[in-house]
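This report concerns only the one structure given below.
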Amino acid sequence: MSRLAKRLAIGLGAGLLLAGLGLGVAAWTLQRSLAPVDPAATAPRAFTVPAGATLARVARELEQAGLVRSALAVRLLGRHRGVERSLHVGEYELSASMPADEILTRIAEGRVRPLELVVPEGWTAADVARRLGALGLAEPEAFLAVVHDAASAEAFGVEGPGLEGYLFPETYHLQRGLSARDVARTLVEQFLAAWRPLAEEARAQGLGMRQVATLASIVEKETAAPDERPLIAAVFRNRLRLGMRLDSDPTVIYGIAGFDGNLRRLHLEDERNPYNTYRIAGLPPGPIANAGAESLRAVVRPAEADYLYFVSRGDGTHVFARSLREHADNVRRWQKSPARRGER
């Protein structure tokens with residue numbers, strides 16, 4: 001017979017004793033009532049504690065869900081532990097193999113069921129915000145406010161003014177109730193973990209964190225072929241070294257509000273777009289997406305190649321060229337009806 005059952009029988013089991021049961025019987029009854037419903041159960045179940053739920057309601061619904069044997073025993077246990085007013089709202093992952101004491105502890109401590117947030121390589125902050133909203137983890141507007149707040153970058157230890165480019169692509173398991181700022185911090189901390197091994201090497205090449213994040217974001221958006229990233233990075237670094245414009249479509253697209261999926265010549269000629277690398281020299285103002293570890297490494301450790309141009313084969317891979325003439329031949333071969341020369 002457990003000490004907990006005896007204490008409950010003494011302190012809270014008066015009703016049982018008054019009904020004519022002895023202390024030992026009352027304690028045994030409580031102990032059995034707090035034992036797992038099914039010790040062999042393996043599959044977890046989702047259980048939600050709604051806002052404003054009382055201990056009595058939670059206990060009753062746990063019993064109805066087949067997760068505890070006795071709502072009365074859970075109520076007695078909750079009162080004994082003084083957790084009536086500390087039950088946390090949220091969705092929990094519970095099992096009928098858990099004793100009632102463990103179930104109540106999880107709810108009292110707010111160990112809510114984590115939600116899986118998948119951030120793919122190449123997503124923008126706006127993409128992440130939409131996903132957070134769909135999962136109910138954060139309001140999109142609140143998250144973007146944190147992303148665009150210059151104070152966030154300074155507080156999180158990245159080169160601002162914003163957090164675009166630092167929301168690291170990864171699979172996260174987050175709990176409901178986190179603030180938008182906490183969610184952003186979690187993603188940025190993963191970026192920093194990937195950046196630290198590259199930081200000294202980048203500095204030796206005269207590259208800062210924001211420069212690497214910006215160029216890596218362009219590399220990420222330009223190719224879907226992992227083995228091409230060092231080559232794409234080499235092209236852009238070569239062009240930057242020679243003072244050539246990057247001529248990157250993804251940068252232009254990032255700077256177009258409400259882009260409809262059709263990149264037109266007027267977009268390429270728009271000098272008002274600060275991300276139009278067909279018109280501006282050097283890097284755009286900042287990252288255009290959030291790059292993964294491979295693209296970050298590709299920028300710091302590009303391929304040893306003197307390519308200056310590349311053109312899509314149409315299957316996600318590219319053909320590279322060293323001269324404009326060679327590039328023009330590739331364009332004619334691989335783009336039957338090009339809307340433009342496709343120089344980059």
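In the structure tokens, chains take letters A, B, ... by order of appearance, with residues numbered from 1 within each chain and ligands from 1 in the order shown.
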Need the shell around A:Arg279: protein/DNA/RNA residues with any atom at most 8 Å away, counting only C-alpha atoms. Skip same-chain ones fewer than 3 positions apart. Format as an MDAnalysis selection string?
chainID A and resid 245 247 268:271 276
Would you write out those residues with C-alpha atoms, as a PDB file, in the first residue's frame?
```
ATOM      1  CA  ARG A 245      25.876  42.339 -61.285  1.00  0.00           C
ATOM      2  CA  ASP A 247      21.440  39.124 -62.332  1.00  0.00           C
ATOM      3  CA  LEU A 268      13.845  43.246 -64.532  1.00  0.00           C
ATOM      4  CA  GLU A 269      14.026  46.894 -65.577  1.00  0.00           C
ATOM      5  CA  ASP A 270      12.449  48.261 -62.394  1.00  0.00           C
ATOM      6  CA  GLU A 271      15.096  50.393 -60.709  1.00  0.00           C
ATOM      7  CA  ASN A 276      16.657  43.972 -58.462  1.00  0.00           C
TER       8      ASN A 276
END
```
Skip A:Ile218 itself and residues of its chain fewer than 4 positions away, then list as an MDAnalysis selection string all residues within 9 Å of it, counting only C-alpha atoms.
chainID A and resid 122 213:214 222:223 233 248 250:251 287:289 291 295
List the neighbours of A:Ala216 out to 12 Å using only C-alpha atoms; skip same-chain residues closer than 5 positions along the sequence, and give me the result as a ChimeraX atom specification.
/A:121-122,165-166,168,195,207,209-211,221-223,229-230,232-234,236-237,251,283,286-302
How about saving the chosen residues, N, CA and C atoms kept, as a short mmCIF file (atom, residue, chain, number, x, y, z; two decimals), in the first residue's frame?
```
data_model
loop_
_atom_site.label_atom_id
_atom_site.label_comp_id
_atom_site.auth_asym_id
_atom_site.auth_seq_id
_atom_site.Cartn_x
_atom_site.Cartn_y
_atom_site.Cartn_z
N GLU A 121 14.19 24.42 -46.44
CA GLU A 121 15.17 25.35 -46.99
C GLU A 121 14.51 26.24 -48.03
N GLY A 122 14.84 27.51 -47.98
CA GLY A 122 14.32 28.44 -48.98
C GLY A 122 13.03 29.13 -48.60
N GLY A 165 16.50 35.36 -43.10
CA GLY A 165 17.79 34.74 -43.35
C GLY A 165 18.34 34.00 -42.16
N TYR A 166 17.75 34.24 -40.96
CA TYR A 166 18.25 33.62 -39.74
C TYR A 166 17.23 32.67 -39.11
N PHE A 168 16.29 29.42 -39.18
CA PHE A 168 16.97 28.26 -39.76
C PHE A 168 16.02 27.13 -40.15
N TRP A 195 26.09 28.51 -37.95
CA TRP A 195 27.01 29.57 -38.35
C TRP A 195 28.35 29.51 -37.61
N LEU A 207 34.13 38.12 -45.12
CA LEU A 207 32.68 37.96 -45.20
C LEU A 207 32.06 38.02 -43.81
N MET A 209 28.49 37.87 -41.24
CA MET A 209 27.34 36.98 -41.10
C MET A 209 26.22 37.33 -42.09
N ARG A 210 25.88 38.61 -42.18
CA ARG A 210 24.77 39.01 -43.05
C ARG A 210 25.11 38.79 -44.52
N GLN A 211 26.35 39.03 -44.89
CA GLN A 211 26.75 38.79 -46.28
C GLN A 211 26.61 37.31 -46.63
N LYS A 221 17.76 29.61 -53.35
CA LYS A 221 16.62 29.82 -54.26
C LYS A 221 16.96 29.51 -55.71
N GLU A 222 18.25 29.51 -56.05
CA GLU A 222 18.64 29.33 -57.44
C GLU A 222 18.70 27.87 -57.87
N THR A 223 18.93 26.96 -56.94
CA THR A 223 19.07 25.56 -57.34
C THR A 223 18.39 24.62 -56.37
N ARG A 229 25.20 23.51 -55.30
CA ARG A 229 25.31 24.70 -54.47
C ARG A 229 26.71 25.30 -54.47
N PRO A 230 27.78 24.51 -54.31
CA PRO A 230 29.12 25.12 -54.36
C PRO A 230 29.44 25.77 -55.70
N ILE A 232 27.10 27.14 -57.84
CA ILE A 232 26.30 28.37 -57.90
C ILE A 232 26.96 29.45 -57.04
N ALA A 233 27.41 29.05 -55.85
CA ALA A 233 28.09 30.01 -54.97
C ALA A 233 29.35 30.54 -55.64
N ALA A 234 30.09 29.67 -56.33
CA ALA A 234 31.31 30.11 -57.03
C ALA A 234 30.98 31.14 -58.10
N PHE A 236 28.47 33.30 -58.22
CA PHE A 236 28.13 34.59 -57.62
C PHE A 236 29.34 35.25 -56.95
N ARG A 237 30.16 34.47 -56.32
CA ARG A 237 31.35 35.06 -55.70
C ARG A 237 32.32 35.57 -56.77
N THR A 251 16.08 37.23 -56.48
CA THR A 251 16.18 38.48 -55.72
C THR A 251 15.14 39.47 -56.20
N LEU A 283 25.49 42.80 -53.53
CA LEU A 283 24.43 42.04 -52.90
C LEU A 283 23.18 42.89 -52.70
N GLY A 286 19.55 42.48 -48.15
CA GLY A 286 19.58 41.43 -47.13
C GLY A 286 19.14 40.11 -47.70
N PRO A 287 19.06 39.06 -46.88
CA PRO A 287 18.64 37.73 -47.34
C PRO A 287 17.25 37.76 -47.95
N ILE A 288 17.04 36.88 -48.93
CA ILE A 288 15.73 36.79 -49.59
C ILE A 288 14.98 35.53 -49.16
N ALA A 289 15.60 34.74 -48.30
CA ALA A 289 15.00 33.50 -47.80
C ALA A 289 15.86 33.00 -46.65
N ASN A 290 15.50 31.86 -46.14
CA ASN A 290 16.27 31.25 -45.05
C ASN A 290 16.97 30.01 -45.58
N ALA A 291 18.28 30.09 -45.62
CA ALA A 291 19.09 29.03 -46.22
C ALA A 291 19.46 27.97 -45.21
N GLY A 292 19.66 26.75 -45.71
CA GLY A 292 20.09 25.66 -44.86
C GLY A 292 21.60 25.60 -44.72
N ALA A 293 22.06 24.63 -43.96
CA ALA A 293 23.49 24.52 -43.65
C ALA A 293 24.33 24.32 -44.89
N GLU A 294 23.83 23.55 -45.87
CA GLU A 294 24.62 23.27 -47.06
C GLU A 294 24.86 24.53 -47.88
N SER A 295 23.89 25.39 -47.97
CA SER A 295 24.06 26.64 -48.73
C SER A 295 24.99 27.59 -48.00
N LEU A 296 24.90 27.63 -46.67
CA LEU A 296 25.82 28.46 -45.89
C LEU A 296 27.26 27.99 -46.12
N ARG A 297 27.46 26.67 -46.07
CA ARG A 297 28.80 26.14 -46.29
C ARG A 297 29.28 26.40 -47.71
N ALA A 298 28.37 26.31 -48.68
CA ALA A 298 28.75 26.52 -50.08
C ALA A 298 29.28 27.93 -50.30
N VAL A 299 28.71 28.91 -49.61
CA VAL A 299 29.16 30.30 -49.77
C VAL A 299 30.56 30.48 -49.18
N VAL A 300 30.80 29.88 -48.04
CA VAL A 300 32.10 30.01 -47.38
C VAL A 300 33.14 29.11 -48.05
N ARG A 301 32.67 27.99 -48.59
CA ARG A 301 33.58 27.04 -49.25
C ARG A 301 33.08 26.73 -50.66
N PRO A 302 33.11 27.73 -51.55
CA PRO A 302 32.61 27.51 -52.91
C PRO A 302 33.51 26.57 -53.70
#
```
Please give the complete set of residues from stretch 41-259 of chain A that DSSP, run on the backbone, assigns to alpha helix (DSSP H), formatted as a PyMOL selection string.
chain A and resi 55-64+71-81+100-109+125-135+140-147+150-156+180-204+209-222+229-242+249-254
Could the residues in this selection be written to a file with C-alpha atoms, as a compact mmCIF listing (two decimals), in the first residue's frame?
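Result went into selection26.txt, see below:
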```
# COMPACT_ATOMS: atom_id res chain seq x y z
CA LEU A 55 -10.18 20.18 -11.50
CA ALA A 56 -13.56 18.45 -11.25
CA ARG A 57 -14.17 18.82 -14.98
CA VAL A 58 -10.69 17.65 -15.94
CA ALA A 59 -10.98 14.64 -13.62
CA ARG A 60 -14.39 13.73 -15.01
CA GLU A 61 -13.24 13.99 -18.64
CA LEU A 62 -10.12 11.96 -17.91
CA GLU A 63 -12.33 9.19 -16.55
CA GLN A 64 -14.68 9.44 -19.54
CA ALA A 71 -12.55 11.01 -11.25
CA LEU A 72 -13.12 11.20 -7.48
CA ALA A 73 -9.64 9.84 -6.78
CA VAL A 74 -8.09 12.37 -9.17
CA ARG A 75 -10.02 15.19 -7.49
CA LEU A 76 -8.81 14.05 -4.04
CA LEU A 77 -5.25 13.80 -5.36
CA GLY A 78 -5.44 17.24 -6.97
CA ARG A 79 -6.74 18.87 -3.79
CA HIS A 80 -4.11 17.11 -1.70
CA ARG A 81 -1.38 18.47 -4.00
CA ALA A 100 -3.19 9.06 -12.32
CA ASP A 101 -0.44 10.84 -10.36
CA GLU A 102 1.74 11.13 -13.49
CA ILE A 103 -1.18 12.33 -15.60
CA LEU A 104 -2.09 15.01 -13.07
CA THR A 105 1.57 16.06 -12.81
CA ARG A 106 1.81 16.57 -16.57
CA ILE A 107 -1.28 18.74 -16.61
CA ALA A 108 -0.25 20.71 -13.52
CA GLU A 109 3.21 21.38 -14.97
CA ALA A 125 9.82 34.68 -42.97
CA ALA A 126 6.33 35.15 -44.43
CA ASP A 127 6.15 31.43 -45.25
CA VAL A 128 7.18 30.55 -41.68
CA ALA A 129 4.61 32.98 -40.27
CA ARG A 130 1.81 31.38 -42.30
CA ARG A 131 2.80 27.93 -41.10
CA LEU A 132 2.90 29.06 -37.47
CA GLY A 133 -0.58 30.48 -37.87
CA ALA A 134 -1.89 27.26 -39.39
CA LEU A 135 -0.48 25.26 -36.47
CA PRO A 140 1.46 35.49 -38.20
CA GLU A 141 1.34 39.25 -37.69
CA ALA A 142 2.92 39.01 -34.24
CA PHE A 143 5.69 36.76 -35.56
CA LEU A 144 6.49 39.06 -38.49
CA ALA A 145 6.54 42.03 -36.13
CA VAL A 146 9.32 40.28 -34.20
CA VAL A 147 11.12 39.39 -37.45
CA ALA A 150 15.65 45.68 -35.41
CA ALA A 151 15.82 45.12 -31.67
CA SER A 152 15.20 41.40 -32.20
CA ALA A 153 18.33 40.94 -34.28
CA GLU A 154 20.45 42.71 -31.69
CA ALA A 155 18.92 40.74 -28.84
CA PHE A 156 19.35 37.39 -30.61
CA ALA A 180 6.13 34.76 -31.09
CA ARG A 181 9.43 36.08 -29.78
CA ASP A 182 10.28 32.75 -28.16
CA VAL A 183 9.52 30.90 -31.40
CA ALA A 184 11.72 33.28 -33.40
CA ARG A 185 14.53 32.94 -30.87
CA THR A 186 14.40 29.14 -31.16
CA LEU A 187 14.83 29.29 -34.95
CA VAL A 188 17.61 31.88 -34.76
CA GLU A 189 19.50 29.82 -32.20
CA GLN A 190 19.58 26.96 -34.71
CA PHE A 191 21.02 29.33 -37.32
CA LEU A 192 23.74 30.39 -34.90
CA ALA A 193 24.60 26.74 -34.23
CA ALA A 194 25.16 26.25 -37.97
CA TRP A 195 27.01 29.57 -38.35
CA ARG A 196 29.56 29.25 -35.54
CA PRO A 197 31.70 26.55 -37.23
CA LEU A 198 31.92 28.80 -40.33
CA ALA A 199 32.34 32.19 -38.66
CA GLU A 200 36.13 32.31 -38.39
CA GLU A 201 36.61 30.98 -41.91
CA ALA A 202 34.15 33.53 -43.28
CA ARG A 203 35.84 36.41 -41.45
CA ALA A 204 39.20 35.37 -42.91
CA MET A 209 27.34 36.98 -41.10
CA ARG A 210 24.77 39.01 -43.05
CA GLN A 211 26.75 38.79 -46.28
CA VAL A 212 26.97 35.01 -45.98
CA ALA A 213 23.29 34.69 -45.05
CA THR A 214 22.30 36.88 -47.99
CA LEU A 215 24.38 35.07 -50.57
CA ALA A 216 23.39 31.67 -49.15
CA SER A 217 19.72 32.61 -49.51
CA ILE A 218 20.27 33.36 -53.19
CA VAL A 219 22.10 30.08 -53.70
CA GLU A 220 19.23 28.28 -51.94
CA LYS A 221 16.62 29.82 -54.26
CA GLU A 222 18.64 29.33 -57.44
CA ARG A 229 25.31 24.70 -54.47
CA PRO A 230 29.12 25.12 -54.36
CA LEU A 231 29.12 25.82 -58.11
CA ILE A 232 26.30 28.37 -57.90
CA ALA A 233 28.09 30.01 -54.97
CA ALA A 234 31.31 30.11 -57.03
CA VAL A 235 29.51 31.89 -59.88
CA PHE A 236 28.13 34.59 -57.62
CA ARG A 237 31.35 35.06 -55.70
CA ASN A 238 33.27 35.33 -58.98
CA ARG A 239 30.82 37.93 -60.26
CA LEU A 240 31.04 39.93 -57.05
CA ARG A 241 34.84 39.82 -57.19
CA LEU A 242 34.82 41.14 -60.77
CA ASP A 249 15.72 36.29 -60.72
CA PRO A 250 14.89 35.19 -57.13
CA THR A 251 16.18 38.48 -55.72
CA VAL A 252 13.95 40.44 -58.08
CA ILE A 253 10.95 38.30 -57.16
CA TYR A 254 11.54 38.85 -53.44
```
Take atom CA of A:Gly66 and atom CA of A:Arg45 and report the distance between them in Å, one decimal.
10.0 Å
Can you pull out every residue from stretch 110-330 of chain A that DSSP, working from the backbone, puts in strand (DSSP E), and format the result as a list in words?
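Here is the list: Leu115, Glu116, Leu117, Val118, Thr171, Tyr172, His173, Leu174, Tyr309, Phe310, Val311, Ser312, His318, Val319, Phe320 and Ala321 of chain A.
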Residues from last step as file, C-alpha atoms, as a PDB file, in the first residue's frame:
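This went into result-v3.pdb:
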```pdb
ATOM      1  CA  LEU A 115       3.649  20.440 -32.295  1.00  0.00           C
ATOM      2  CA  GLU A 116       5.925  19.743 -35.236  1.00  0.00           C
ATOM      3  CA  LEU A 117       7.025  22.790 -37.189  1.00  0.00           C
ATOM      4  CA  VAL A 118       8.859  21.958 -40.408  1.00  0.00           C
ATOM      5  CA  THR A 171      12.134  20.325 -37.937  1.00  0.00           C
ATOM      6  CA  TYR A 172      11.115  21.761 -34.567  1.00  0.00           C
ATOM      7  CA  HIS A 173       8.911  20.381 -31.804  1.00  0.00           C
ATOM      8  CA  LEU A 174       7.336  23.328 -30.066  1.00  0.00           C
ATOM      9  CA  TYR A 309      27.153  32.166 -65.915  1.00  0.00           C
ATOM     10  CA  PHE A 310      24.626  29.372 -65.639  1.00  0.00           C
ATOM     11  CA  VAL A 311      21.362  28.485 -67.356  1.00  0.00           C
ATOM     12  CA  SER A 312      18.654  26.037 -66.353  1.00  0.00           C
ATOM     13  CA  HIS A 318      22.070  23.960 -64.672  1.00  0.00           C
ATOM     14  CA  VAL A 319      24.699  24.287 -67.366  1.00  0.00           C
ATOM     15  CA  PHE A 320      27.659  26.498 -66.444  1.00  0.00           C
ATOM     16  CA  ALA A 321      29.800  28.732 -68.631  1.00  0.00           C
TER      17      ALA A 321
END
```
Would you mind reading off the distance between atom CA of A:Asn330 and atom CA of A:Gly314, one decimal, in Å?
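Atom-to-atom, atom CA of A:Asn330 and atom CA of A:Gly314 are spaced 12.2 Å apart.
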Expressed in Å to a single decimal, how great is the separation between atom CA of A:Thr42 and atom CA of A:Ala96?
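These atoms are spaced 8.1 Å apart.
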